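Novice: Sharing run.cif, mmCIF, C-alpha atoms and all ligand atoms:
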data_protein
#
loop_
_atom_site.label_atom_id
_atom_site.label_comp_id
_atom_site.auth_asym_id
_atom_site.auth_seq_id
_atom_site.Cartn_x
_atom_site.Cartn_y
_atom_site.Cartn_z
CA MET A 139 0.00 0.00 0.00
CA ILE A 140 2.67 2.52 1.01
CA ASP A 141 4.26 2.06 -2.41
CA GLN A 142 1.07 2.85 -4.33
CA SER A 143 0.66 6.17 -6.05
CA TYR A 144 -2.08 8.62 -5.17
CA ARG A 145 -3.66 11.48 -7.04
CA ILE A 146 -5.09 14.83 -5.95
CA GLY A 147 -6.31 16.73 -9.02
CA ASP A 148 -3.39 16.92 -11.45
CA ARG A 149 -0.79 16.10 -8.83
CA ILE A 150 0.53 12.55 -8.68
CA PHE A 151 2.00 11.36 -5.41
CA GLU A 152 4.57 8.71 -6.29
CA ASN A 153 3.84 6.82 -3.07
CA ARG A 154 1.94 7.28 0.20
CA LEU A 155 4.85 8.42 2.37
CA VAL A 156 4.90 12.03 3.55
CA PHE A 157 7.84 13.53 5.41
CA GLN A 158 6.03 15.74 7.90
CA PRO A 159 6.71 19.41 8.65
CA MET A 160 9.53 19.50 11.22
CA GLU A 161 10.69 22.94 12.24
CA SER A 162 14.47 23.08 12.01
CA ARG A 163 15.12 26.53 13.48
CA SER A 164 18.16 26.60 11.23
CA CYS A 165 17.27 29.29 8.67
CA LEU A 166 19.12 32.53 8.01
CA ALA A 167 17.98 35.89 9.35
CA ASP A 168 16.07 36.64 6.12
CA GLY A 169 14.16 33.35 6.49
CA SER A 170 15.96 31.51 3.70
CA PRO A 171 17.21 27.94 4.17
CA SER A 172 20.81 27.80 5.45
CA GLU A 173 23.29 25.11 4.40
CA LEU A 174 22.15 23.10 7.41
CA THR A 175 18.50 23.45 6.41
CA ALA A 176 19.33 22.48 2.84
CA ARG A 177 21.22 19.41 4.10
CA LYS A 178 18.05 18.19 5.82
CA TYR A 179 15.88 18.77 2.74
CA MET A 180 18.37 17.18 0.35
CA LYS A 181 18.24 14.03 2.48
CA ALA A 182 14.46 14.13 2.05
CA ALA A 183 14.86 14.62 -1.71
CA GLU A 184 17.05 11.53 -1.89
CA SER A 185 14.80 9.50 0.41
CA GLY A 186 12.21 8.32 -2.10
CA ALA A 187 9.35 9.71 0.05
CA GLY A 188 6.51 10.79 -2.22
CA THR A 189 5.96 14.09 -0.41
CA VAL A 190 8.09 16.52 1.53
CA TRP A 191 5.98 18.83 3.66
CA PHE A 192 8.18 21.84 4.42
CA GLU A 193 8.33 23.09 7.98
CA ALA A 194 6.50 26.05 9.54
CA CYS A 195 7.28 29.11 7.43
CA ALA A 196 6.19 32.45 8.91
CA VAL A 197 4.08 34.85 6.85
CA CYS A 198 5.54 37.93 8.58
CA PRO A 199 8.60 38.80 10.70
CA GLU A 200 6.64 39.36 13.91
CA GLY A 201 5.01 35.93 13.47
CA ARG A 202 8.39 34.13 13.66
CA THR A 203 9.49 32.07 16.65
CA GLY A 204 12.83 33.80 16.26
CA ASP A 205 15.28 34.84 13.60
CA THR A 206 16.01 31.24 12.57
CA GLN A 207 12.44 30.31 11.62
CA MET A 208 11.77 29.85 7.92
CA MET A 209 10.16 32.79 6.12
CA LEU A 210 9.47 33.20 2.40
CA THR A 211 9.70 36.76 1.08
CA GLU A 212 10.91 38.45 -2.13
CA ASN A 213 14.37 38.52 -0.49
CA SER A 214 14.52 34.85 0.38
CA ALA A 215 12.61 33.52 -2.67
CA GLY A 216 15.79 32.95 -4.71
CA ALA A 217 17.21 30.60 -2.08
CA PHE A 218 13.95 28.59 -1.99
CA SER A 219 13.95 28.32 -5.81
CA GLU A 220 17.50 27.08 -5.76
CA LEU A 221 16.83 24.49 -3.06
CA LEU A 222 13.67 23.21 -4.76
CA ALA A 223 15.47 22.96 -8.10
CA LYS A 224 18.20 20.83 -6.47
CA MET A 225 15.62 18.69 -4.71
CA LYS A 226 13.68 18.11 -7.92
CA LYS A 227 16.86 17.07 -9.68
CA ALA A 228 17.85 14.70 -6.87
CA SER A 229 14.38 13.12 -6.71
CA GLY A 230 14.00 12.80 -10.45
CA GLY A 231 11.16 15.34 -10.36
CA ARG A 232 8.86 12.81 -8.74
CA GLN A 233 8.25 14.40 -5.34
CA ILE A 234 5.44 16.65 -4.15
CA TYR A 235 6.46 19.73 -2.14
CA ILE A 236 4.07 21.48 0.23
CA LEU A 237 4.96 24.60 2.19
CA GLN A 238 3.46 25.12 5.64
CA LEU A 239 2.47 28.75 6.20
CA THR A 240 2.16 29.90 9.79
CA HIS A 241 1.92 32.74 12.23
CA SER A 242 3.58 31.52 15.43
CA GLY A 243 1.24 33.55 17.64
CA ARG A 244 1.87 32.70 21.30
CA GLN A 245 5.24 31.16 20.36
CA SER A 246 6.46 34.18 18.39
CA ALA A 247 9.62 35.82 19.72
CA GLU A 248 7.30 38.51 21.14
CA PRO A 249 4.02 36.67 21.85
CA ILE A 250 0.95 37.67 19.83
CA ILE A 251 -2.01 35.83 21.29
CA ALA A 252 -5.69 35.36 20.45
CA TYR A 253 -6.76 35.66 24.12
CA HIS A 254 -5.35 35.10 27.59
CA ASN A 255 -5.54 31.35 28.28
CA ALA A 256 -5.27 30.62 32.02
CA LEU A 257 -4.24 27.00 31.45
CA TYR A 258 -1.29 27.79 29.18
CA GLU A 259 -0.32 30.92 31.05
CA ALA A 260 -0.09 29.12 34.40
CA LYS A 261 3.08 27.55 32.95
CA LYS A 262 4.25 30.39 30.72
CA PRO A 263 2.78 33.81 31.59
CA VAL A 264 2.16 36.32 28.82
CA PRO A 265 2.42 40.02 29.64
CA PRO A 266 -0.58 42.30 29.07
CA GLY A 267 -0.85 44.04 25.70
CA CYS A 268 -0.08 40.93 23.63
CA VAL A 269 -3.62 40.20 22.42
CA ALA A 270 -3.84 40.69 18.64
CA THR A 271 -6.25 43.45 17.66
CA GLY A 272 -9.03 42.81 15.15
CA GLY A 273 -7.29 45.20 12.76
CA TYR A 274 -4.07 43.18 12.95
CA LEU A 275 -5.88 39.88 12.41
CA GLY A 276 -7.72 41.37 9.43
CA SER A 277 -4.38 42.17 7.76
CA LEU A 278 -3.19 38.55 7.83
CA PRO A 279 -5.10 36.94 4.91
CA ALA A 280 -3.24 39.24 2.49
CA LEU A 281 0.07 38.11 4.00
CA TYR A 282 -0.87 34.42 3.67
CA ALA A 283 -1.87 35.11 0.06
CA LYS A 284 1.42 36.86 -0.66
CA SER A 285 3.47 33.98 0.80
CA ALA A 286 1.36 31.49 -1.17
CA ARG A 287 1.94 33.40 -4.41
CA LEU A 288 5.69 33.30 -3.76
CA ALA A 289 5.43 29.59 -2.94
CA ALA A 290 3.85 29.03 -6.35
CA GLU A 291 6.58 31.07 -8.05
CA VAL A 292 9.47 29.19 -6.42
CA GLY A 293 8.05 25.79 -7.36
CA PHE A 294 5.94 24.34 -4.54
CA ASP A 295 3.03 22.03 -5.46
CA GLY A 296 0.89 23.09 -2.55
CA VAL A 297 0.50 25.38 0.41
CA ASP A 298 -0.63 24.45 3.93
CA VAL A 299 -2.59 26.97 5.96
CA LYS A 300 -1.47 25.67 9.32
CA SER A 301 -4.03 25.56 12.12
CA CYS A 302 -2.68 23.44 14.95
CA HIS A 303 -0.43 23.14 17.99
CA GLY A 304 -1.61 26.37 19.60
CA TYR A 305 -0.29 28.76 16.97
CA LEU A 306 -2.32 31.86 16.15
CA LEU A 307 -4.95 30.52 13.71
CA GLN A 308 -5.57 27.50 15.93
CA GLU A 309 -5.74 29.56 19.10
CA LEU A 310 -8.44 31.75 17.58
CA LEU A 311 -10.64 28.65 17.22
CA SER A 312 -11.09 28.69 21.01
CA ALA A 313 -11.32 32.48 21.41
CA TYR A 314 -14.70 32.12 23.13
CA SER A 315 -13.95 35.17 25.29
CA ARG A 316 -13.04 37.64 22.49
CA GLU A 317 -15.75 40.16 21.92
CA ASP A 318 -14.95 41.25 18.36
CA ASP A 319 -15.46 39.67 14.92
CA TYR A 320 -12.84 37.00 15.75
CA GLY A 321 -14.33 35.65 18.98
CA GLY A 322 -17.40 34.23 20.63
CA CYS A 323 -19.53 32.31 18.13
CA PHE A 324 -18.24 29.57 15.81
CA GLU A 325 -18.48 31.80 12.75
CA ASN A 326 -16.29 34.46 14.36
CA ARG A 327 -13.71 32.06 15.81
CA THR A 328 -13.20 30.32 12.46
CA ARG A 329 -13.28 33.56 10.44
CA LEU A 330 -9.54 34.16 10.13
CA LEU A 331 -8.61 30.58 9.24
CA LEU A 332 -11.28 30.48 6.53
CA ASP A 333 -10.37 33.96 5.25
CA CYS A 334 -6.73 32.88 4.99
CA VAL A 335 -7.69 29.70 3.12
CA ARG A 336 -9.86 31.65 0.67
CA ALA A 337 -7.14 34.26 0.16
CA VAL A 338 -4.54 31.55 -0.48
CA ARG A 339 -6.86 29.61 -2.80
CA SER A 340 -7.46 32.63 -4.98
CA ALA A 341 -3.76 33.66 -5.00
CA ILE A 342 -2.36 30.46 -6.51
CA PRO A 343 -3.00 28.47 -9.67
CA SER A 344 -6.02 26.18 -9.48
CA ASP A 345 -3.91 23.05 -9.97
CA MET A 346 -1.94 23.75 -6.77
CA ILE A 347 -3.06 22.04 -3.60
CA VAL A 348 -4.38 24.00 -0.64
CA ALA A 349 -3.88 21.90 2.46
CA SER A 350 -4.32 22.39 6.16
CA ARG A 351 -2.41 20.86 9.03
CA LEU A 352 -5.39 20.78 11.29
CA GLY A 353 -5.49 20.42 15.06
CA VAL A 354 -8.82 18.62 15.17
CA SER A 355 -8.92 19.02 18.95
CA ASP A 356 -6.60 20.68 21.45
CA VAL A 357 -7.41 17.90 23.96
CA VAL A 358 -7.54 20.33 26.88
CA PRO A 359 -10.70 21.04 28.88
CA TYR A 360 -13.23 23.48 27.41
CA PRO A 361 -13.04 26.54 27.40
CA TYR A 362 -9.22 26.40 27.09
CA GLY A 363 -9.17 24.73 23.71
CA PHE A 364 -11.00 23.81 20.51
CA GLY A 365 -12.99 20.64 19.87
CA THR A 366 -13.14 19.40 23.46
CA ASP A 367 -15.59 19.01 26.31
CA ALA A 368 -15.11 20.18 29.90
CA ASP A 369 -13.15 16.97 30.68
CA GLY A 370 -10.76 17.43 27.78
CA ASN A 371 -12.33 14.64 25.70
CA ILE A 372 -12.75 15.27 21.97
CA ASP A 373 -16.07 16.79 20.96
CA TYR A 374 -16.36 16.51 17.18
CA ALA A 375 -19.30 18.89 16.63
CA GLU A 376 -17.23 21.99 15.81
CA PRO A 377 -14.29 20.21 14.14
CA ASP A 378 -16.77 18.51 11.77
CA ALA A 379 -18.42 21.84 10.98
CA LEU A 380 -15.01 23.44 10.45
CA ILE A 381 -13.83 20.72 8.09
CA SER A 382 -16.99 21.19 5.98
CA GLU A 383 -16.22 24.92 5.79
CA LEU A 384 -12.55 24.30 4.97
CA ILE A 385 -13.55 22.07 2.06
CA ARG A 386 -15.97 24.75 0.84
CA ALA A 387 -13.18 27.36 1.10
CA GLY A 388 -10.85 25.28 -1.08
CA VAL A 389 -8.91 22.88 1.16
CA GLY A 390 -8.22 19.63 -0.68
CA LEU A 391 -5.94 17.83 1.79
CA ILE A 392 -5.95 17.62 5.58
CA ASN A 393 -2.93 16.61 7.62
CA VAL A 394 -4.42 15.46 10.91
CA THR A 395 -2.97 16.35 14.28
CA VAL A 396 -4.25 16.99 17.80
CA GLY A 397 -3.07 18.62 21.01
CA ASN A 398 -0.68 21.38 21.89
CA PRO A 399 2.96 20.26 22.13
CA TYR A 400 3.71 23.13 24.53
CA TYR A 401 1.11 21.85 26.98
CA ASN A 402 0.38 18.15 26.33
CA PRO A 403 3.21 16.96 24.03
CA HIS A 404 2.35 13.26 24.49
CA VAL A 405 -0.92 13.86 22.62
CA ASN A 406 0.52 14.67 19.20
CA ARG A 407 3.85 12.87 19.46
CA PRO A 408 3.79 9.92 21.86
CA PHE A 409 7.29 9.29 23.19
CA ARG A 410 9.37 6.96 25.34
CA LYS A 411 11.75 9.42 26.95
CA GLY A 412 11.95 13.10 27.75
CA GLY A 413 11.84 15.25 30.84
CA TYR A 414 8.08 15.13 31.22
CA ILE A 415 6.02 12.23 32.59
CA PRO A 416 2.85 11.97 30.48
CA PRO A 417 -0.47 11.38 32.25
CA GLU A 418 -1.33 8.56 29.81
CA GLY A 419 0.58 5.77 28.12
CA PRO A 420 1.87 6.31 24.58
CA ARG A 421 -0.49 3.66 23.16
CA THR A 422 -3.45 5.74 24.37
CA GLY A 423 -2.13 8.69 22.34
CA LEU A 424 -1.54 6.52 19.27
CA GLN A 425 -5.06 5.12 19.49
CA ARG A 426 -6.54 8.62 19.88
CA LEU A 427 -4.86 9.72 16.63
CA ILE A 428 -6.25 6.67 14.82
CA THR A 429 -9.75 7.26 16.25
CA VAL A 430 -9.65 10.88 15.04
CA GLN A 431 -8.61 9.84 11.54
CA ASN A 432 -11.29 7.13 11.44
CA HIS A 433 -13.88 9.68 12.48
CA ILE A 434 -12.89 12.16 9.74
CA LYS A 435 -12.72 9.42 7.10
CA GLU A 436 -16.20 8.27 8.04
CA LYS A 437 -17.62 11.81 7.88
CA PHE A 438 -15.65 12.95 4.82
CA PRO A 439 -14.78 9.81 2.86
CA SER A 440 -13.46 11.60 -0.21
CA LEU A 441 -11.27 14.11 1.67
CA PRO A 442 -7.59 13.13 1.32
CA LEU A 443 -6.01 12.65 4.75
CA VAL A 444 -2.44 12.43 6.01
CA GLY A 445 -2.09 10.42 9.23
CA SER A 446 0.32 11.57 11.94
CA GLY A 447 2.09 10.38 15.05
CA MET A 448 3.82 7.37 13.52
CA SER A 449 7.35 7.49 14.88
CA TYR A 450 6.55 5.70 18.15
CA TYR A 451 5.95 2.55 16.09
CA GLY A 452 9.75 2.40 15.67
CA LYS A 453 10.87 -0.68 13.73
CA ASP A 454 7.23 -1.57 13.00
CA ILE A 455 6.51 1.80 11.36
CA ILE A 456 6.28 0.54 7.77
CA GLU A 457 4.13 -2.44 8.78
CA LYS A 458 1.81 -0.18 10.80
CA SER A 459 1.65 2.29 7.91
CA GLN A 460 0.60 -0.52 5.57
CA GLU A 461 -2.12 -1.54 8.03
CA LEU A 462 -3.51 2.01 8.41
CA LEU A 463 -3.49 2.58 4.66
CA ARG A 464 -5.06 -0.82 3.95
CA ASP A 465 -7.79 -0.17 6.55
CA GLY A 466 -8.53 3.22 4.99
CA VAL A 467 -7.68 5.13 8.19
CA CYS A 468 -5.70 7.63 6.09
CA ASP A 469 -4.63 8.02 2.44
CA LEU A 470 -1.07 9.13 3.08
CA VAL A 471 1.10 8.41 6.07
CA GLY A 472 3.29 11.03 7.74
CA PHE A 473 6.66 10.37 9.35
CA GLY A 474 7.94 13.20 11.57
CA ARG A 475 10.76 12.35 13.98
CA MET A 476 11.49 9.19 11.97
CA TRP A 477 12.44 11.42 9.02
CA LEU A 478 15.10 13.16 11.15
CA ALA A 479 16.42 9.87 12.58
CA TYR A 480 16.31 7.64 9.53
CA PRO A 481 15.83 9.56 6.26
CA GLU A 482 16.85 6.47 4.25
CA ILE A 483 14.03 4.38 5.71
CA TYR A 484 11.92 4.21 2.56
CA ARG A 485 14.83 3.35 0.27
CA ASP A 486 15.86 0.61 2.69
CA HIS A 487 12.28 -0.68 2.73
CA LEU A 488 12.29 -0.84 -1.09
CA SER A 489 15.68 -2.48 -1.37
CA LYS A 490 15.18 -4.57 1.80
CA ALA A 491 18.73 -3.46 2.62
CA GLN A 492 18.44 -2.18 6.18
CA THR A 493 22.19 -2.31 6.54
CA ARG A 494 22.19 0.10 9.46
CA PRO A 495 18.63 0.81 10.57
CA LYS A 496 18.27 4.00 12.60
CA TYR A 497 14.73 3.84 13.93
CA CYS A 498 13.64 6.86 15.95
CA VAL A 499 13.70 6.10 19.68
CA THR A 500 11.31 9.01 20.48
CA CYS A 501 13.74 10.41 23.06
CA SER A 502 12.58 14.04 22.51
CA ARG A 503 16.10 15.37 21.98
CA CYS A 504 15.07 16.96 18.66
CA THR A 505 12.45 18.94 20.60
CA GLU A 506 14.87 19.78 23.40
CA LEU A 507 17.27 21.27 20.84
CA MET A 508 14.48 23.38 19.37
CA ARG A 509 13.28 24.57 22.76
CA GLY A 510 16.89 25.37 23.66
CA GLY A 511 17.02 27.79 20.72
CA MET A 512 19.24 25.44 18.69
CA PRO A 513 18.80 23.99 15.21
CA SER A 514 16.76 20.83 15.57
CA GLY A 515 17.72 17.42 14.26
CA CYS A 516 18.35 13.86 15.41
CA ALA A 517 20.75 13.95 18.38
CA VAL A 518 20.96 10.15 18.46
CA TYR A 519 22.12 9.23 14.95
CA ASP A 520 23.34 12.47 13.36
CA GLU A 521 26.82 13.41 14.59
CA TYR A 522 26.26 17.14 14.01
CA TYR A 523 23.18 17.28 16.26
CA LYS A 524 24.67 14.82 18.73
CA GLU A 525 27.50 17.28 19.33
CA LEU A 526 25.15 20.24 19.44
CA TYR A 527 23.03 18.46 22.03
CA ALA A 528 26.08 17.61 24.16
CA LYS A 529 27.28 21.24 24.00
CA MET A 530 23.83 22.55 24.88
CA ASN A 531 23.78 20.39 28.00
CA GLU A 532 27.38 21.29 28.92
CA ASN A 533 26.36 24.95 28.78
CA GLY A 534 23.34 24.18 30.96
CA ARG A 535 20.80 25.53 28.45
C1 LIG B 601 11.32 18.99 16.57
C2 LIG B 601 9.93 19.02 16.03
C3 LIG B 601 9.54 20.02 15.16
C4 LIG B 601 8.24 20.05 14.65
N1 LIG B 601 7.87 21.03 13.78
C5 LIG B 601 6.62 21.05 13.25
C6 LIG B 601 6.24 22.02 12.29
O1 LIG B 601 7.03 22.87 11.85
N2 LIG B 601 4.96 21.98 11.84
C7 LIG B 601 4.05 21.04 12.25
O2 LIG B 601 2.90 21.06 11.81
N3 LIG B 601 4.41 20.08 13.12
C8 LIG B 601 5.66 20.06 13.61
N4 LIG B 601 6.02 19.04 14.46
C9 LIG B 601 5.10 17.92 14.70
C10 LIG B 601 5.39 16.79 13.69
O3 LIG B 601 5.09 17.19 12.37
C11 LIG B 601 4.58 15.51 13.98
O4 LIG B 601 3.21 15.77 13.97
C12 LIG B 601 4.95 14.90 15.35
O5 LIG B 601 6.34 14.81 15.53
C13 LIG B 601 4.33 13.49 15.49
O6 LIG B 601 4.74 12.65 14.42
P1 LIG B 601 5.93 11.57 14.62
O7 LIG B 601 5.45 10.64 15.68
O8 LIG B 601 6.07 10.90 13.28
O9 LIG B 601 7.14 12.32 15.03
C14 LIG B 601 7.32 19.03 15.01
C15 LIG B 601 7.72 18.02 15.89
C16 LIG B 601 8.99 18.00 16.40
C17 LIG B 601 9.39 16.88 17.32
#
I need this file expressed as structure tokens, please.
Specialist:
Amino acid sequence: MIDQSYRIGDRIFENRLVFQPMESRSCLADGSPSELTARKYMKAAESGAGTVWFEACAVCPEGRTGDTQMMLTENSAGAFSELLAKMKKASGGRQIYILQLTHSGRQSAEPIIAYHNALYEAKKPVPPGCVATGGYLGSLPALYAKSARLAAEVGFDGVDVKSCHGYLLQELLSAYSREDDYGGCFENRTRLLLDCVRAVRSAIPSDMIVASRLGVSDVVPYPYGFGTDADGNIDYAEPDALISELIRAGVGLINVTVGNPYYNPHVNRPFRKGGYIPPEGPRTGLQRLITVQNHIKEKFPSLPLVGSGMSYYGKDIIEKSQELLRDGVCDLVGFGRMWLAYPEIYRDHLSKAQTRPKYCVTCSRCTELMRGGMPSGCAVYDEYYKELYAKMNENGR
């Protein structure tokens, strides 16, 4: 199954494997990919994966996590063109490239939030004056459209309007307490996401894919998140309504995720190790992700879906992918941390070589690097990141 091709409109996906968006925090000050960023993407180009979903790319400077987050502008466009041209050459022109557009919101270098969230702010307080004004929010669809237009020019096949993991568009979905056009009722809370999707759809050629990495539920108790009840269990009523609206606005591919990695990281990326003891076992998280995908497939059978949260399956990841694809849980299967650990995994699967398998051990070091303000990569198998991780710990960061 994983080896079968897939089609969305005119775009042919050579196989069902997607390398998921994984923020590298390794870009240059102007947002363009550095040599280190390019090294990661060239490994993806040579991997045989059908799709490479580029990491979170900010639509404006103030929406960046810092000055190493990716950002596509007129100034950085040349570097993106160059990288994509090299990737297309290395992959034989048979890969699909999707760019994830984001506004980092609460995680921006200077936080820009949708509303004050007592649950998140108990851990990480946000000073007053950081709530985005309606005027500011209203200016964002044009910025998403501009980035999407540039993405089309530099050679991407699709653009992702990211709404997940607590970033600005996702946070607005639970802005029950806002009193302007972006808060309160469902129509207001979903307004900006849908406006951005419509703006992007009309800015790019009709054969390009508009996707969304969608946080179907934040899995925190209502009213602190989207798509949940007061106990933090998933309530599908609003996510279902939102997906219908996203399809109407032009979304043709959903990459499913849940949770907020800054609050409940075990929910979107179950792991074995890391400094935080999760309140549930990893298998519970894996099953939740499958249940969510099954639910969406049942409600929207013809909507192409990418499944997430696969790396915990470790050496069984290909077998589990085959099972999920065969059972129709998702149409494409996304590898996140496994990409960083073992970029050759698909080639080895095809050739049955597996000379030196490097299965992700879900130790969370890639996240620790990112949170430490370092470029993020696999600190278990990649010597460069191994050293960086050791230095970071020596320096007590
Ligand atoms: C270091 C790191 C960076 C990430 N960056 C992004 C990102 O830029 N955009 C995004 O949508 N998800 C991001 N994620 C989430 C992954 O795409 C993925 O959903 C998650 O790791 C679970 O999949 P896995 O089990 O295959 O790793 C990131 C995860 C990690 C660990």
Novice: What lies within 8 Å of A:Val358 using only C-alpha atoms, ignoring chain neighbours under 5 positions off, as a list in words?
Specialist: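 Neighbouring residues, sequence-local ones excluded: Gly363, Thr366, Asp369, Gly370, Asn371 and Gly397 of chain A.
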Novice: Write out the residues from the selection above, keeping C-alpha atoms, as a compact mmCIF listing (two decimals), in the frame of the given file.
Specialist:
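New file part36.txt:
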# COMPACT_ATOMS: atom_id res chain seq x y z
CA GLY A 363 -9.17 24.73 23.71
CA THR A 366 -13.14 19.40 23.46
CA ASP A 369 -13.15 16.97 30.68
CA GLY A 370 -10.76 17.43 27.78
CA ASN A 371 -12.33 14.64 25.70
CA GLY A 397 -3.07 18.62 21.01
Novice: What's around A:Val197 at 7 Å? Count all atoms listed in the file, leave out sequence neighbours fewer than 2 positions away in its own chain, and write the answer as number ranges by chain.
Specialist: A: 195, 201, 209, 239-241, 281-282, 285
Novice: May I have the residues at most 12 Å from (4.8, -2.3, 8.6) in the file's coordinates, counting all atoms listed in the file, as a ChimeraX atom specification?
Specialist: /A:139-141,448-449,451-464,471,483-484,487
Novice: Would you write out those residues with C-alpha atoms, as an mmCIF file, keeping the file's coordinate frame?
Specialist:
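New file out.cif:
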data_model
loop_
_atom_site.group_PDB
_atom_site.id
_atom_site.type_symbol
_atom_site.label_atom_id
_atom_site.label_comp_id
_atom_site.auth_asym_id
_atom_site.auth_seq_id
_atom_site.Cartn_x
_atom_site.Cartn_y
_atom_site.Cartn_z
ATOM 1 C CA MET A 139 0.000 0.000 0.000
ATOM 2 C CA ILE A 140 2.670 2.520 1.010
ATOM 3 C CA ASP A 141 4.260 2.060 -2.410
ATOM 4 C CA MET A 448 3.820 7.370 13.520
ATOM 5 C CA SER A 449 7.350 7.490 14.880
ATOM 6 C CA TYR A 451 5.950 2.550 16.090
ATOM 7 C CA GLY A 452 9.750 2.400 15.670
ATOM 8 C CA LYS A 453 10.870 -0.680 13.730
ATOM 9 C CA ASP A 454 7.230 -1.570 13.000
ATOM 10 C CA ILE A 455 6.510 1.800 11.360
ATOM 11 C CA ILE A 456 6.280 0.540 7.770
ATOM 12 C CA GLU A 457 4.130 -2.440 8.780
ATOM 13 C CA LYS A 458 1.810 -0.180 10.800
ATOM 14 C CA SER A 459 1.650 2.290 7.910
ATOM 15 C CA GLN A 460 0.600 -0.520 5.570
ATOM 16 C CA GLU A 461 -2.120 -1.540 8.030
ATOM 17 C CA LEU A 462 -3.510 2.010 8.410
ATOM 18 C CA LEU A 463 -3.490 2.580 4.660
ATOM 19 C CA ARG A 464 -5.060 -0.820 3.950
ATOM 20 C CA VAL A 471 1.100 8.410 6.070
ATOM 21 C CA ILE A 483 14.030 4.380 5.710
ATOM 22 C CA TYR A 484 11.920 4.210 2.560
ATOM 23 C CA HIS A 487 12.280 -0.680 2.730
#
Novice: Go through the chains and note each residue within 8 Å of ligand LIG 601 (chain B), using all atoms listed in the file, then give the set as number ranges by chain.
Specialist: A: 158-162, 192-195, 238, 300, 302-303, 351, 395, 406-409, 446-450, 472-477, 500, 502, 504-508, 514-515
Novice: Applying 10 Å and all atoms listed in the file, which residues near stretch 291-297 of chain A remain after dropping the ones on its own chain fewer than 3 positions away? List them as number ranges by chain.
Specialist: A: 149, 189, 191-192, 210, 215-223, 226, 233-239, 282, 285-288, 300, 335, 338-339, 342-343, 345-350, 389-391
Novice: Just the selected residues (C-alpha atoms), exported as a compact mmCIF listing (two decimals), in the frame of the given file, please.
Specialist:
# COMPACT_ATOMS: atom_id res chain seq x y z
CA ARG A 149 -0.79 16.10 -8.83
CA THR A 189 5.96 14.09 -0.41
CA TRP A 191 5.98 18.83 3.66
CA PHE A 192 8.18 21.84 4.42
CA LEU A 210 9.47 33.20 2.40
CA ALA A 215 12.61 33.52 -2.67
CA GLY A 216 15.79 32.95 -4.71
CA ALA A 217 17.21 30.60 -2.08
CA PHE A 218 13.95 28.59 -1.99
CA SER A 219 13.95 28.32 -5.81
CA GLU A 220 17.50 27.08 -5.76
CA LEU A 221 16.83 24.49 -3.06
CA LEU A 222 13.67 23.21 -4.76
CA ALA A 223 15.47 22.96 -8.10
CA LYS A 226 13.68 18.11 -7.92
CA GLN A 233 8.25 14.40 -5.34
CA ILE A 234 5.44 16.65 -4.15
CA TYR A 235 6.46 19.73 -2.14
CA ILE A 236 4.07 21.48 0.23
CA LEU A 237 4.96 24.60 2.19
CA GLN A 238 3.46 25.12 5.64
CA LEU A 239 2.47 28.75 6.20
CA TYR A 282 -0.87 34.42 3.67
CA SER A 285 3.47 33.98 0.80
CA ALA A 286 1.36 31.49 -1.17
CA ARG A 287 1.94 33.40 -4.41
CA LEU A 288 5.69 33.30 -3.76
CA LYS A 300 -1.47 25.67 9.32
CA VAL A 335 -7.69 29.70 3.12
CA VAL A 338 -4.54 31.55 -0.48
CA ARG A 339 -6.86 29.61 -2.80
CA ILE A 342 -2.36 30.46 -6.51
CA PRO A 343 -3.00 28.47 -9.67
CA ASP A 345 -3.91 23.05 -9.97
CA MET A 346 -1.94 23.75 -6.77
CA ILE A 347 -3.06 22.04 -3.60
CA VAL A 348 -4.38 24.00 -0.64
CA ALA A 349 -3.88 21.90 2.46
CA SER A 350 -4.32 22.39 6.16
CA VAL A 389 -8.91 22.88 1.16
CA GLY A 390 -8.22 19.63 -0.68
CA LEU A 391 -5.94 17.83 1.79
Novice: In terms of the shortest atom-to-atom distance over all atoms listed in the file, which of A:Gly230, A:Pro249, A:Gly322, A:Gly169 is closest to A:Ser214?
Specialist: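 Of A:Gly230, A:Pro249, A:Gly322, A:Gly169, the one nearest A:Ser214, counting all atoms listed in the file, is A:Gly169.
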Novice: Compare A:Leu470, A:Ala368, A:Ala528, A:Val354 by their minimum atom-to-atom distance to A:Asn153, counting only C-alpha atoms, and give me the closest one.
Specialist: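 Among A:Leu470, A:Ala368, A:Ala528, A:Val354, it is A:Leu470 that comes nearest to A:Asn153.
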Novice: So the first atom is atom CA of A:Pro442 and the second is atom CA of A:Tyr144; what is the distance between them in Å, to one decimal place?
Specialist: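 Value for the atom CA of A:Pro442-atom CA of A:Tyr144 distance: 9.6 Å.
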Novice: If you measure from atom CA of A:Ile434 to atom CA of A:Ile381, what distance in Å do you get, rounded to one decimal?
Specialist: 8.8 Å
Novice: Determine the nearest neighbour of A:Ala260 from the options A:Val357, A:Gly276, A:Ser185, A:Tyr401, counting all atoms listed in the file.
Specialist: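 Ranked by minimum distance to A:Ala260, first place goes to A:Tyr401.
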Novice: Determine the nearest neighbour of A:Ala283 from the options A:Val299, A:Leu155, A:Leu443, A:Ile428, counting all atoms listed in the file.
Specialist: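 Distance minimum relative to A:Ala283 lands on A:Val299.
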Novice: Quick one: pull the distance between atom CA of A:Ala252 and atom CA of A:Phe324, Å, one decimal.
Specialist: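 So the two atoms, atom CA of A:Ala252 and atom CA of A:Phe324, lie 14.6 Å apart.
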Novice: In the coordinate frame of the file, compute which residues have an atom within 8 Å of (17.8, 2.1, 12.1) when using all atoms listed in the file, and state them as a list in words.
Specialist: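 These residues have at least one counted atom within 8 Å: Lys453, Ala479, Tyr480, Ile483, Gln492, Arg494, Pro495, Lys496, Tyr497 and Cys498 of chain A.
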